[in-house]
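Visitor: File my_file.txt follows (compact mmCIF, N, CA and C atoms and all ligand atoms):
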# COMPACT_ATOMS: atom_id res chain seq x y z
N MET A 28 86.14 101.31 109.43
CA MET A 28 86.10 99.87 109.69
C MET A 28 84.73 99.29 109.36
N PRO A 29 84.69 98.17 108.71
CA PRO A 29 83.41 97.56 108.34
C PRO A 29 82.67 97.04 109.57
N GLU A 30 81.33 96.94 109.45
CA GLU A 30 80.53 96.50 110.59
C GLU A 30 80.18 95.03 110.53
N ASN A 31 80.17 94.47 109.31
CA ASN A 31 79.66 93.10 109.20
C ASN A 31 80.73 92.01 109.12
N PHE A 32 82.01 92.40 109.20
CA PHE A 32 83.05 91.37 109.33
C PHE A 32 84.25 91.91 110.11
N THR A 33 85.05 91.01 110.63
CA THR A 33 86.12 91.37 111.54
C THR A 33 87.42 91.71 110.80
N VAL A 34 88.05 92.78 111.25
CA VAL A 34 89.40 93.09 110.78
C VAL A 34 90.34 92.75 111.94
N ASN A 35 91.25 91.80 111.72
CA ASN A 35 92.21 91.43 112.76
C ASN A 35 93.28 92.50 112.86
N LYS A 36 93.53 92.93 114.08
CA LYS A 36 94.52 93.98 114.29
C LYS A 36 95.63 93.43 115.18
N ARG A 37 96.86 93.52 114.72
CA ARG A 37 97.97 92.96 115.47
C ARG A 37 99.07 94.01 115.57
N LEU A 38 99.54 94.25 116.79
CA LEU A 38 100.61 95.23 117.00
C LEU A 38 101.94 94.58 116.60
N LEU A 39 102.69 95.26 115.76
CA LEU A 39 103.97 94.71 115.32
C LEU A 39 105.00 94.80 116.44
N THR A 40 105.89 93.80 116.52
CA THR A 40 107.00 93.85 117.48
C THR A 40 108.08 94.79 116.93
N ASP A 41 109.01 95.20 117.80
CA ASP A 41 110.10 96.07 117.36
C ASP A 41 110.91 95.41 116.25
N GLU A 42 111.18 94.12 116.41
CA GLU A 42 111.94 93.40 115.37
C GLU A 42 111.24 93.47 114.02
N GLU A 43 109.93 93.25 114.04
CA GLU A 43 109.18 93.30 112.79
C GLU A 43 109.23 94.71 112.20
N LYS A 44 109.16 95.73 113.06
CA LYS A 44 109.19 97.10 112.57
C LYS A 44 110.56 97.43 111.97
N TYR A 45 111.64 96.98 112.63
CA TYR A 45 112.99 97.18 112.06
C TYR A 45 113.07 96.57 110.68
N ARG A 46 112.65 95.30 110.60
CA ARG A 46 112.76 94.60 109.33
C ARG A 46 111.94 95.28 108.24
N ARG A 47 110.72 95.66 108.59
CA ARG A 47 109.83 96.27 107.62
C ARG A 47 110.41 97.60 107.13
N ALA A 48 110.90 98.41 108.09
CA ALA A 48 111.42 99.73 107.72
C ALA A 48 112.71 99.61 106.92
N ILE A 49 113.61 98.73 107.33
CA ILE A 49 114.88 98.56 106.59
C ILE A 49 114.57 98.11 105.17
N PHE A 50 113.66 97.18 105.04
CA PHE A 50 113.28 96.67 103.73
C PHE A 50 112.69 97.79 102.87
N PHE A 51 111.79 98.55 103.47
CA PHE A 51 111.10 99.62 102.76
C PHE A 51 112.06 100.71 102.29
N TYR A 52 112.94 101.16 103.21
CA TYR A 52 113.81 102.30 102.89
C TYR A 52 115.01 101.93 102.02
N THR A 53 115.25 100.64 101.81
CA THR A 53 116.38 100.27 100.95
C THR A 53 115.89 99.72 99.61
N PHE A 54 114.59 99.78 99.40
CA PHE A 54 114.00 99.18 98.21
C PHE A 54 114.61 99.70 96.91
N ASP A 55 114.81 101.03 96.86
CA ASP A 55 115.34 101.65 95.64
C ASP A 55 116.85 101.86 95.69
N SER A 56 117.51 101.34 96.69
CA SER A 56 118.94 101.60 96.84
C SER A 56 119.76 100.43 96.30
N ASN A 57 121.08 100.58 96.34
CA ASN A 57 121.96 99.51 95.86
C ASN A 57 122.33 98.55 96.98
N ILE A 58 121.81 98.80 98.16
CA ILE A 58 122.18 97.95 99.30
C ILE A 58 121.60 96.55 99.12
N LYS A 59 122.46 95.57 99.25
CA LYS A 59 121.99 94.20 99.16
C LYS A 59 121.73 93.69 100.58
N LEU A 60 120.49 93.42 100.87
CA LEU A 60 120.13 93.02 102.23
C LEU A 60 120.56 91.59 102.52
N GLU A 61 120.97 91.38 103.75
CA GLU A 61 121.32 90.02 104.16
C GLU A 61 120.14 89.39 104.89
N TYR A 62 119.88 88.15 104.53
CA TYR A 62 118.76 87.41 105.15
C TYR A 62 119.26 86.49 106.26
N GLU A 63 118.37 86.18 107.18
CA GLU A 63 118.71 85.27 108.28
C GLU A 63 119.09 83.88 107.74
N SER A 64 118.43 83.50 106.66
CA SER A 64 118.67 82.17 106.11
C SER A 64 119.02 82.27 104.62
N ASP A 65 119.87 81.37 104.12
CA ASP A 65 120.21 81.34 102.70
C ASP A 65 119.15 80.62 101.90
N ASN A 66 118.32 79.90 102.61
CA ASN A 66 117.27 79.12 101.96
C ASN A 66 116.07 80.02 101.66
N PHE A 67 115.70 80.12 100.39
CA PHE A 67 114.62 81.03 99.99
C PHE A 67 113.30 80.72 100.71
N ASP A 68 113.05 79.44 100.97
CA ASP A 68 111.81 79.04 101.63
C ASP A 68 111.68 79.61 103.04
N ASP A 69 112.82 79.91 103.67
CA ASP A 69 112.80 80.46 105.02
C ASP A 69 113.00 81.98 105.02
N ALA A 70 112.89 82.59 103.85
CA ALA A 70 113.21 84.02 103.76
C ALA A 70 112.09 84.92 104.27
N PHE A 71 110.91 84.35 104.47
CA PHE A 71 109.79 85.17 104.92
C PHE A 71 109.13 84.54 106.15
N ASP A 72 108.59 85.39 107.02
CA ASP A 72 107.91 84.84 108.20
C ASP A 72 106.47 84.48 107.85
N GLU A 73 105.72 84.04 108.86
CA GLU A 73 104.35 83.57 108.60
C GLU A 73 103.42 84.67 108.10
N TYR A 74 103.84 85.94 108.24
CA TYR A 74 103.00 87.04 107.76
C TYR A 74 103.49 87.54 106.41
N GLY A 75 104.46 86.84 105.84
CA GLY A 75 104.97 87.25 104.53
C GLY A 75 106.00 88.37 104.59
N GLN A 76 106.50 88.65 105.78
CA GLN A 76 107.52 89.69 105.90
C GLN A 76 108.91 89.10 105.68
N PRO A 77 109.78 89.86 105.00
CA PRO A 77 111.12 89.34 104.75
C PRO A 77 111.93 89.21 106.04
N LEU A 78 112.53 88.05 106.23
CA LEU A 78 113.32 87.82 107.44
C LEU A 78 114.77 88.24 107.19
N ILE A 79 114.98 89.55 107.23
CA ILE A 79 116.34 90.05 107.01
C ILE A 79 117.05 90.23 108.34
N LYS A 80 118.38 90.18 108.30
CA LYS A 80 119.15 90.42 109.52
C LYS A 80 118.97 91.89 109.92
N ILE A 81 118.79 92.14 111.18
CA ILE A 81 118.52 93.51 111.59
C ILE A 81 119.81 94.32 111.74
N LYS A 82 120.70 93.88 112.61
CA LYS A 82 121.88 94.70 112.91
C LYS A 82 122.81 94.85 111.70
N ASP A 83 123.13 93.75 111.04
CA ASP A 83 124.04 93.80 109.88
C ASP A 83 123.54 94.76 108.81
N ASN A 84 122.22 94.69 108.54
CA ASN A 84 121.66 95.55 107.50
C ASN A 84 121.57 96.99 107.97
N PHE A 85 121.19 97.18 109.23
CA PHE A 85 121.05 98.54 109.77
C PHE A 85 122.39 99.27 109.69
N ASP A 86 123.48 98.57 109.99
CA ASP A 86 124.80 99.19 109.97
C ASP A 86 125.22 99.67 108.59
N LYS A 87 124.60 99.12 107.54
CA LYS A 87 124.96 99.52 106.18
C LYS A 87 124.27 100.82 105.75
N LEU A 88 123.26 101.24 106.50
CA LEU A 88 122.46 102.39 106.09
C LEU A 88 123.20 103.70 106.34
N ASP A 89 122.87 104.74 105.55
CA ASP A 89 123.42 106.06 105.85
C ASP A 89 122.64 106.66 107.02
N ASP A 90 123.18 107.74 107.58
CA ASP A 90 122.59 108.30 108.80
C ASP A 90 121.14 108.73 108.62
N GLU A 91 120.85 109.28 107.45
CA GLU A 91 119.48 109.75 107.22
C GLU A 91 118.50 108.57 107.24
N THR A 92 118.87 107.51 106.57
CA THR A 92 117.99 106.33 106.52
C THR A 92 117.88 105.69 107.90
N LYS A 93 119.02 105.65 108.62
CA LYS A 93 118.97 105.11 109.99
C LYS A 93 117.94 105.85 110.83
N SER A 94 117.92 107.17 110.72
CA SER A 94 116.99 107.92 111.57
C SER A 94 115.54 107.70 111.13
N LEU A 95 115.32 107.49 109.82
CA LEU A 95 113.97 107.18 109.34
C LEU A 95 113.50 105.85 109.91
N VAL A 96 114.41 104.88 109.93
CA VAL A 96 114.07 103.56 110.46
C VAL A 96 113.74 103.68 111.95
N LEU A 97 114.60 104.39 112.69
CA LEU A 97 114.37 104.53 114.14
C LEU A 97 113.06 105.25 114.42
N GLU A 98 112.74 106.22 113.58
CA GLU A 98 111.50 106.97 113.73
C GLU A 98 110.30 106.03 113.58
N PHE A 99 110.39 105.14 112.59
CA PHE A 99 109.32 104.17 112.32
C PHE A 99 109.15 103.20 113.50
N VAL A 100 110.28 102.73 114.04
CA VAL A 100 110.24 101.74 115.12
C VAL A 100 109.60 102.34 116.39
N LYS A 101 109.74 103.64 116.56
CA LYS A 101 109.18 104.31 117.75
C LYS A 101 107.65 104.31 117.77
N GLN A 102 107.05 104.20 116.57
CA GLN A 102 105.59 104.29 116.49
C GLN A 102 104.93 102.95 116.78
N ASP A 103 103.65 103.02 117.14
CA ASP A 103 102.83 101.81 117.21
C ASP A 103 102.33 101.51 115.80
N VAL A 104 102.73 100.38 115.26
CA VAL A 104 102.30 100.03 113.91
C VAL A 104 101.48 98.75 113.97
N TYR A 105 100.34 98.77 113.32
CA TYR A 105 99.46 97.61 113.34
C TYR A 105 99.39 96.94 111.97
N ASP A 106 99.27 95.66 112.01
CA ASP A 106 99.03 94.87 110.82
C ASP A 106 97.54 94.57 110.81
N GLU A 107 96.85 94.91 109.74
CA GLU A 107 95.41 94.65 109.69
C GLU A 107 95.10 93.66 108.58
N SER A 108 94.33 92.64 108.93
CA SER A 108 94.03 91.62 107.93
C SER A 108 92.62 91.07 108.14
N VAL A 109 92.11 90.40 107.11
CA VAL A 109 90.77 89.81 107.17
C VAL A 109 90.88 88.34 106.73
N ASP A 110 90.22 87.46 107.47
CA ASP A 110 90.17 86.06 107.07
C ASP A 110 89.11 85.87 106.00
N PHE A 111 89.50 85.25 104.90
CA PHE A 111 88.58 85.00 103.79
C PHE A 111 88.37 83.50 103.59
N LYS A 112 87.19 83.17 103.07
CA LYS A 112 86.92 81.78 102.73
C LYS A 112 86.06 81.74 101.47
N CYS A 113 86.32 80.73 100.65
CA CYS A 113 85.62 80.61 99.36
C CYS A 113 84.32 79.83 99.53
N ILE A 114 83.21 80.38 98.98
CA ILE A 114 81.91 79.69 99.08
C ILE A 114 81.92 78.44 98.22
N ARG A 115 82.73 78.45 97.18
CA ARG A 115 82.72 77.35 96.22
C ARG A 115 83.62 76.19 96.65
N CYS A 116 84.88 76.49 97.02
CA CYS A 116 85.82 75.39 97.27
C CYS A 116 86.32 75.35 98.73
N ASN A 117 85.82 76.28 99.57
CA ASN A 117 86.18 76.32 100.99
C ASN A 117 87.63 76.67 101.29
N TYR A 118 88.34 77.17 100.29
CA TYR A 118 89.72 77.58 100.52
C TYR A 118 89.74 78.80 101.45
N GLU A 119 90.69 78.78 102.40
CA GLU A 119 90.78 79.88 103.38
C GLU A 119 92.14 80.56 103.30
N GLU A 120 92.12 81.88 103.42
CA GLU A 120 93.39 82.59 103.47
C GLU A 120 93.19 83.95 104.12
N ARG A 121 94.25 84.42 104.80
CA ARG A 121 94.21 85.74 105.42
C ARG A 121 94.69 86.77 104.40
N VAL A 122 93.93 87.85 104.24
CA VAL A 122 94.27 88.86 103.24
C VAL A 122 94.53 90.19 103.94
N ASP A 123 95.57 90.87 103.50
CA ASP A 123 95.90 92.18 104.02
C ASP A 123 94.72 93.14 103.85
N TYR A 124 94.35 93.87 104.90
CA TYR A 124 93.14 94.69 104.84
C TYR A 124 93.24 95.81 103.79
N GLU A 125 94.45 96.35 103.65
CA GLU A 125 94.66 97.41 102.65
C GLU A 125 94.33 96.89 101.25
N GLU A 126 94.78 95.66 101.01
CA GLU A 126 94.53 95.03 99.72
C GLU A 126 93.02 94.84 99.51
N VAL A 127 92.32 94.45 100.58
CA VAL A 127 90.87 94.28 100.52
C VAL A 127 90.21 95.60 100.13
N CYS A 128 90.62 96.68 100.80
CA CYS A 128 90.01 97.99 100.54
C CYS A 128 90.23 98.45 99.10
N ASP A 129 91.38 98.11 98.54
CA ASP A 129 91.68 98.48 97.15
C ASP A 129 90.72 97.81 96.18
N LEU A 130 90.25 96.62 96.54
CA LEU A 130 89.44 95.82 95.62
C LEU A 130 87.94 95.92 95.92
N TRP A 131 87.62 96.58 97.00
CA TRP A 131 86.23 96.58 97.46
C TRP A 131 85.61 97.97 97.32
N ASP A 132 84.49 98.05 96.59
CA ASP A 132 83.75 99.30 96.49
C ASP A 132 82.67 99.30 97.58
N GLU A 133 83.01 99.95 98.69
CA GLU A 133 82.16 99.91 99.89
C GLU A 133 80.75 100.46 99.66
N ASP A 134 80.62 101.42 98.72
CA ASP A 134 79.30 102.02 98.47
C ASP A 134 78.40 101.07 97.67
N GLU A 135 79.03 100.22 96.90
CA GLU A 135 78.28 99.33 96.02
C GLU A 135 77.98 97.98 96.67
N GLU A 136 78.95 97.48 97.39
CA GLU A 136 78.82 96.12 97.93
C GLU A 136 78.86 96.11 99.45
N GLU A 137 78.02 95.28 100.01
CA GLU A 137 77.91 95.15 101.46
C GLU A 137 79.20 94.59 102.08
N TYR A 138 79.84 93.70 101.32
CA TYR A 138 81.10 93.11 101.76
C TYR A 138 81.93 92.77 100.52
N PRO A 139 83.24 92.65 100.69
CA PRO A 139 84.08 92.39 99.51
C PRO A 139 83.94 90.97 98.99
N LYS A 140 83.92 90.85 97.68
CA LYS A 140 83.93 89.54 97.02
C LYS A 140 85.17 89.50 96.14
N LEU A 141 86.14 88.70 96.56
CA LEU A 141 87.39 88.63 95.81
C LEU A 141 87.45 87.36 94.97
N TYR A 142 88.42 87.34 94.06
CA TYR A 142 88.65 86.12 93.29
C TYR A 142 89.42 85.13 94.16
N CYS A 143 88.92 83.91 94.25
CA CYS A 143 89.56 82.89 95.07
C CYS A 143 90.89 82.48 94.45
N PRO A 144 91.96 82.50 95.26
CA PRO A 144 93.27 82.12 94.73
C PRO A 144 93.33 80.64 94.32
N GLU A 145 92.41 79.86 94.84
CA GLU A 145 92.43 78.42 94.59
C GLU A 145 91.63 78.06 93.33
N CYS A 146 90.35 78.48 93.26
CA CYS A 146 89.51 78.08 92.13
C CYS A 146 89.27 79.22 91.14
N ASP A 147 89.80 80.41 91.46
CA ASP A 147 89.78 81.54 90.53
C ASP A 147 88.37 82.05 90.20
N LYS A 148 87.43 81.87 91.13
CA LYS A 148 86.07 82.38 90.94
C LYS A 148 85.80 83.47 92.00
N PRO A 149 84.89 84.42 91.66
CA PRO A 149 84.69 85.55 92.57
C PRO A 149 83.82 85.22 93.78
N TYR A 150 84.18 84.16 94.47
CA TYR A 150 83.37 83.73 95.63
C TYR A 150 84.17 83.73 96.93
N PHE A 151 85.21 84.52 96.94
CA PHE A 151 86.08 84.57 98.11
C PHE A 151 85.61 85.71 99.01
N ILE A 152 85.00 85.34 100.14
CA ILE A 152 84.34 86.37 100.97
C ILE A 152 84.86 86.30 102.40
N PRO A 153 84.65 87.37 103.19
CA PRO A 153 85.12 87.35 104.58
C PRO A 153 84.53 86.16 105.34
N LEU A 154 85.35 85.53 106.16
CA LEU A 154 84.94 84.34 106.90
C LEU A 154 83.67 84.57 107.73
N ASP A 155 83.53 85.75 108.32
CA ASP A 155 82.32 86.05 109.12
C ASP A 155 81.06 85.96 108.26
N ILE A 156 81.13 86.49 107.05
CA ILE A 156 79.98 86.44 106.14
C ILE A 156 79.75 84.99 105.70
N TRP A 157 80.84 84.32 105.44
CA TRP A 157 80.77 82.91 105.04
C TRP A 157 80.01 82.11 106.11
N ASN A 158 80.39 82.32 107.38
CA ASN A 158 79.73 81.61 108.49
C ASN A 158 78.23 81.94 108.56
N LYS A 159 77.89 83.23 108.37
CA LYS A 159 76.49 83.62 108.42
C LYS A 159 75.69 82.93 107.33
N LYS A 160 76.25 82.87 106.12
CA LYS A 160 75.57 82.22 105.00
C LYS A 160 75.39 80.74 105.23
N LYS A 161 76.43 80.10 105.79
CA LYS A 161 76.38 78.65 105.98
C LYS A 161 75.46 78.24 107.13
N ASN A 162 75.26 79.17 108.08
CA ASN A 162 74.45 78.81 109.25
C ASN A 162 72.98 79.19 109.10
N LYS A 163 72.61 79.69 107.92
CA LYS A 163 71.22 80.07 107.70
C LYS A 163 70.31 78.85 107.68
ZN ZN B 1 87.58 78.79 95.69
For the file at hand, write its structure as structure tokens.
Ligand SMILES: [Zn+2]
Guide:
Amino acid sequence: MPENFTVNKRLLTDEEKYRRAIFFYTFDSNIKLEYESDNFDDAFDEYGQPLIKIKDNFDKLDDETKSLVLEFVKQDVYDESVDFKCIRCNYEERVDYEEVCDLWDEDEEEYPKLYCPECDKPYFIPLDIWNKKKNK
């Protein structure tokens, strides 16, 4: 874990774990998942997770996949993310921590500098660092 900026840690609910596991384990299968809503705009929750029906989809799975899903739901699973803000255009967005780690060379850089989704310049930095720079 980095020392100079915050990683938000959130424990997933059982519903979120069901949805995540069903989605994950059926990715390569022929099963067509049913969503809570027919409207594409409502197909994902605020964290970008697919809002699929739990029971209807679970019932379609074979026994092996069902047990994999149940195994996943039994665990404590955390969602880790970092709030980012652009030094140039002030655009803010929460980024998945795993994604941050993939793009950040910890040995080279003190903190990650990503490309801003809004202005497309490499000034998208963790909000904590942003605040420190602005308050100097
Ligand atoms: Zn920007």
Visitor: Could you list, with a cut-off of 6.5 Å and counting only N, CA and C atoms and all ligand atoms, the residues of chain A near ligand ZN 1 (chain B), each shown with its nearest atom pair and the distance in Å rounded to one decimal, rows sorted by chain and ascending number, as a Markdown table?
Guide:
| residue | atom | partner | partner_atom | distance |
| --- | --- | --- | --- | --- |
| A:Cys113 | CA | B:ZN1 | ZN | 4.5 |
| A:Ile114 | N | B:ZN1 | ZN | 5.7 |
| A:Arg115 | C | B:ZN1 | ZN | 4.8 |
| A:Cys116 | N | B:ZN1 | ZN | 3.8 |
| A:Asn117 | N | B:ZN1 | ZN | 4.9 |
| A:Tyr118 | N | B:ZN1 | ZN | 4.9 |
| A:Cys143 | CA | B:ZN1 | ZN | 4.6 |
| A:Pro144 | N | B:ZN1 | ZN | 5.8 |
| A:Glu145 | C | B:ZN1 | ZN | 4.7 |
| A:Cys146 | N | B:ZN1 | ZN | 3.7 |
| A:Asp147 | N | B:ZN1 | ZN | 5.0 |
| A:Lys148 | N | B:ZN1 | ZN | 5.5 |
| A:Tyr150 | C | B:ZN1 | ZN | 6.1 |
| A:Phe151 | N | B:ZN1 | ZN | 6.3 |
Visitor: Using all atoms listed in the file, collect all residues at a distance of at most 6 Å from (119.8, 94.5, 104.7) as written in the file, then present them as a ChimeraX atom specification.
Guide: /A:59-61,80,83-85
Visitor: Only N, CA and C atoms, please: the residues just picked out, written as a PDB file, in the coordinates of the input.
Guide:
ATOM      1  N   LYS A  59     122.460  95.570  99.250  1.00  0.00           N
ATOM      2  CA  LYS A  59     121.990  94.200  99.160  1.00  0.00           C
ATOM      3  C   LYS A  59     121.730  93.690 100.580  1.00  0.00           C
ATOM      4  N   LEU A  60     120.490  93.420 100.870  1.00  0.00           N
ATOM      5  CA  LEU A  60     120.130  93.020 102.230  1.00  0.00           C
ATOM      6  C   LEU A  60     120.560  91.590 102.520  1.00  0.00           C
ATOM      7  N   GLU A  61     120.970  91.380 103.750  1.00  0.00           N
ATOM      8  CA  GLU A  61     121.320  90.020 104.160  1.00  0.00           C
ATOM      9  C   GLU A  61     120.140  89.390 104.890  1.00  0.00           C
ATOM     10  N   LYS A  80     118.380  90.180 108.300  1.00  0.00           N
ATOM     11  CA  LYS A  80     119.150  90.420 109.520  1.00  0.00           C
ATOM     12  C   LYS A  80     118.970  91.890 109.920  1.00  0.00           C
ATOM     13  N   ASP A  83     123.130  93.750 111.040  1.00  0.00           N
ATOM     14  CA  ASP A  83     124.040  93.800 109.880  1.00  0.00           C
ATOM     15  C   ASP A  83     123.540  94.760 108.810  1.00  0.00           C
ATOM     16  N   ASN A  84     122.220  94.690 108.540  1.00  0.00           N
ATOM     17  CA  ASN A  84     121.660  95.550 107.500  1.00  0.00           C
ATOM     18  C   ASN A  84     121.570  96.990 107.970  1.00  0.00           C
ATOM     19  N   PHE A  85     121.190  97.180 109.230  1.00  0.00           N
ATOM     20  CA  PHE A  85     121.050  98.540 109.770  1.00  0.00           C
ATOM     21  C   PHE A  85     122.390  99.270 109.690  1.00  0.00           C
TER      22      PHE A  85
END
Visitor: Would you pick out the contacts of Thr40 (chain A) at 8 Å or less, using only N, CA and C atoms, so that residues sharing its chain but fewer than 6 positions from it are not included, and give the list as a PyMOL selection string?
Guide: chain A and resi 46+100+104
Visitor: Between atom C of Arg47 (chain A) and atom C of Tyr62 (chain A), what is the distance, to one decimal in Å?
Guide: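 Here the two named atoms are 14.2 Å from each other.
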Visitor: Could you state the separation of atom N of Arg37 (chain A) and CA of Gln76 (chain A) in Å, given to one decimal place?
Guide: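 Separating atom N of Arg37 (chain A) from CA of Gln76 (chain A) is a distance of 14.4 Å.
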Visitor: How many Å separate atom C of Thr92 (chain A) from atom N of Tyr52 (chain A)?
Guide: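 If I compute the distance from atom C of Thr92 (chain A) to atom N of Tyr52 (chain A), I get 8.2 Å.
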Visitor: Within 8 Å of Glu137 (chain A), counting all atoms listed in the file, which residues qualify if same-chain residues fewer than 5 places away don't, as a PyMOL selection string?
Guide: chain A and resi 31-32+132
Visitor: Step one, run DSSP on the backbone; step two, keep only residues of region 37-155 of chain A assigned to helix (DSSP H, G or I); then write them as a ChimeraX atom specification.
Guide: /A:41-52,67-69,81-87,90-101,124-130,154-155
Visitor: Can you write out the residues you just picked, keeping N, CA and C atoms, as a short mmCIF file (atom, residue, chain, number, x, y, z; two decimals), in the frame of the given file?
Guide:
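As a result, out.cif now contains:
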data_model
loop_
_atom_site.label_atom_id
_atom_site.label_comp_id
_atom_site.auth_asym_id
_atom_site.auth_seq_id
_atom_site.Cartn_x
_atom_site.Cartn_y
_atom_site.Cartn_z
N ASP A 41 109.01 95.20 117.80
CA ASP A 41 110.10 96.07 117.36
C ASP A 41 110.91 95.41 116.25
N GLU A 42 111.18 94.12 116.41
CA GLU A 42 111.94 93.40 115.37
C GLU A 42 111.24 93.47 114.02
N GLU A 43 109.93 93.25 114.04
CA GLU A 43 109.18 93.30 112.79
C GLU A 43 109.23 94.71 112.20
N LYS A 44 109.16 95.73 113.06
CA LYS A 44 109.19 97.10 112.57
C LYS A 44 110.56 97.43 111.97
N TYR A 45 111.64 96.98 112.63
CA TYR A 45 112.99 97.18 112.06
C TYR A 45 113.07 96.57 110.68
N ARG A 46 112.65 95.30 110.60
CA ARG A 46 112.76 94.60 109.33
C ARG A 46 111.94 95.28 108.24
N ARG A 47 110.72 95.66 108.59
CA ARG A 47 109.83 96.27 107.62
C ARG A 47 110.41 97.60 107.13
N ALA A 48 110.90 98.41 108.09
CA ALA A 48 111.42 99.73 107.72
C ALA A 48 112.71 99.61 106.92
N ILE A 49 113.61 98.73 107.33
CA ILE A 49 114.88 98.56 106.59
C ILE A 49 114.57 98.11 105.17
N PHE A 50 113.66 97.18 105.04
CA PHE A 50 113.28 96.67 103.73
C PHE A 50 112.69 97.79 102.87
N PHE A 51 111.79 98.55 103.47
CA PHE A 51 111.10 99.62 102.76
C PHE A 51 112.06 100.71 102.29
N TYR A 52 112.94 101.16 103.21
CA TYR A 52 113.81 102.30 102.89
C TYR A 52 115.01 101.93 102.02
N PHE A 67 115.70 80.12 100.39
CA PHE A 67 114.62 81.03 99.99
C PHE A 67 113.30 80.72 100.71
N ASP A 68 113.05 79.44 100.97
CA ASP A 68 111.81 79.04 101.63
C ASP A 68 111.68 79.61 103.04
N ASP A 69 112.82 79.91 103.67
CA ASP A 69 112.80 80.46 105.02
C ASP A 69 113.00 81.98 105.02
N ILE A 81 118.79 92.14 111.18
CA ILE A 81 118.52 93.51 111.59
C ILE A 81 119.81 94.32 111.74
N LYS A 82 120.70 93.88 112.61
CA LYS A 82 121.88 94.70 112.91
C LYS A 82 122.81 94.85 111.70
N ASP A 83 123.13 93.75 111.04
CA ASP A 83 124.04 93.80 109.88
C ASP A 83 123.54 94.76 108.81
N ASN A 84 122.22 94.69 108.54
CA ASN A 84 121.66 95.55 107.50
C ASN A 84 121.57 96.99 107.97
N PHE A 85 121.19 97.18 109.23
CA PHE A 85 121.05 98.54 109.77
C PHE A 85 122.39 99.27 109.69
N ASP A 86 123.48 98.57 109.99
CA ASP A 86 124.80 99.19 109.97
C ASP A 86 125.22 99.67 108.59
N LYS A 87 124.60 99.12 107.54
CA LYS A 87 124.96 99.52 106.18
C LYS A 87 124.27 100.82 105.75
N ASP A 90 123.18 107.74 107.58
CA ASP A 90 122.59 108.30 108.80
C ASP A 90 121.14 108.73 108.62
N GLU A 91 120.85 109.28 107.45
CA GLU A 91 119.48 109.75 107.22
C GLU A 91 118.50 108.57 107.24
N THR A 92 118.87 107.51 106.57
CA THR A 92 117.99 106.33 106.52
C THR A 92 117.88 105.69 107.90
N LYS A 93 119.02 105.65 108.62
CA LYS A 93 118.97 105.11 109.99
C LYS A 93 117.94 105.85 110.83
N SER A 94 117.92 107.17 110.72
CA SER A 94 116.99 107.92 111.57
C SER A 94 115.54 107.70 111.13
N LEU A 95 115.32 107.49 109.82
CA LEU A 95 113.97 107.18 109.34
C LEU A 95 113.50 105.85 109.91
N VAL A 96 114.41 104.88 109.93
CA VAL A 96 114.07 103.56 110.46
C VAL A 96 113.74 103.68 111.95
N LEU A 97 114.60 104.39 112.69
CA LEU A 97 114.37 104.53 114.14
C LEU A 97 113.06 105.25 114.42
N GLU A 98 112.74 106.22 113.58
CA GLU A 98 111.50 106.97 113.73
C GLU A 98 110.30 106.03 113.58
N PHE A 99 110.39 105.14 112.59
CA PHE A 99 109.32 104.17 112.32
C PHE A 99 109.15 103.20 113.50
N VAL A 100 110.28 102.73 114.04
CA VAL A 100 110.24 101.74 115.12
C VAL A 100 109.60 102.34 116.39
N LYS A 101 109.74 103.64 116.56
CA LYS A 101 109.18 104.31 117.75
C LYS A 101 107.65 104.31 117.77
N TYR A 124 94.35 93.87 104.90
CA TYR A 124 93.14 94.69 104.84
C TYR A 124 93.24 95.81 103.79
N GLU A 125 94.45 96.35 103.65
CA GLU A 125 94.66 97.41 102.65
C GLU A 125 94.33 96.89 101.25
N GLU A 126 94.78 95.66 101.01
CA GLU A 126 94.53 95.03 99.72
C GLU A 126 93.02 94.84 99.51
N VAL A 127 92.32 94.45 100.58
CA VAL A 127 90.87 94.28 100.52
C VAL A 127 90.21 95.60 100.13
N CYS A 128 90.62 96.68 100.80
CA CYS A 128 90.01 97.99 100.54
C CYS A 128 90.23 98.45 99.10
N ASP A 129 91.38 98.11 98.54
CA ASP A 129 91.68 98.48 97.15
C ASP A 129 90.72 97.81 96.18
N LEU A 130 90.25 96.62 96.54
CA LEU A 130 89.44 95.82 95.62
C LEU A 130 87.94 95.92 95.92
N LEU A 154 85.35 85.53 106.16
CA LEU A 154 84.94 84.34 106.90
C LEU A 154 83.67 84.57 107.73
N ASP A 155 83.53 85.75 108.32
CA ASP A 155 82.32 86.05 109.12
C ASP A 155 81.06 85.96 108.26
#
Visitor: Counting only C-alpha atoms, which residues come within 12 Å of (105.3, 104.0, 115.5), with the point read in the file's coordinates, and could you list them as a count of residues only?
Guide: 20
Visitor: Considering only N, CA and C atoms, state which residue in the set A:Glu107, A:Phe67, A:Leu141, A:Glu136 is at the smallest distance from Val122 (chain A).
Guide: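 For Val122 (chain A), the nearest of the given residues is A:Glu107.
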Visitor: Tell me which of A:Asp129, A:Asp106, A:Glu120, A:Glu73 sits closest to Val34 (chain A), counting only C-alpha atoms.
Guide: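 That would be A:Asp106, the residue with the smallest distance to Val34 (chain A).
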Visitor: Closest to Val109 (chain A) among A:Arg121, A:Pro29, A:Glu135, A:Tyr74, using only C-alpha atoms?
Guide: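 Between A:Arg121, A:Pro29, A:Glu135, A:Tyr74, the residue approaching Val109 (chain A) most closely is A:Arg121.
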Visitor: Which of chain A end up as strand (DSSP E) when DSSP is run on this backbone - answer as an NGL selection string?
Guide: :A and (35-38 or 105-113 or 119-123 or 151-153)
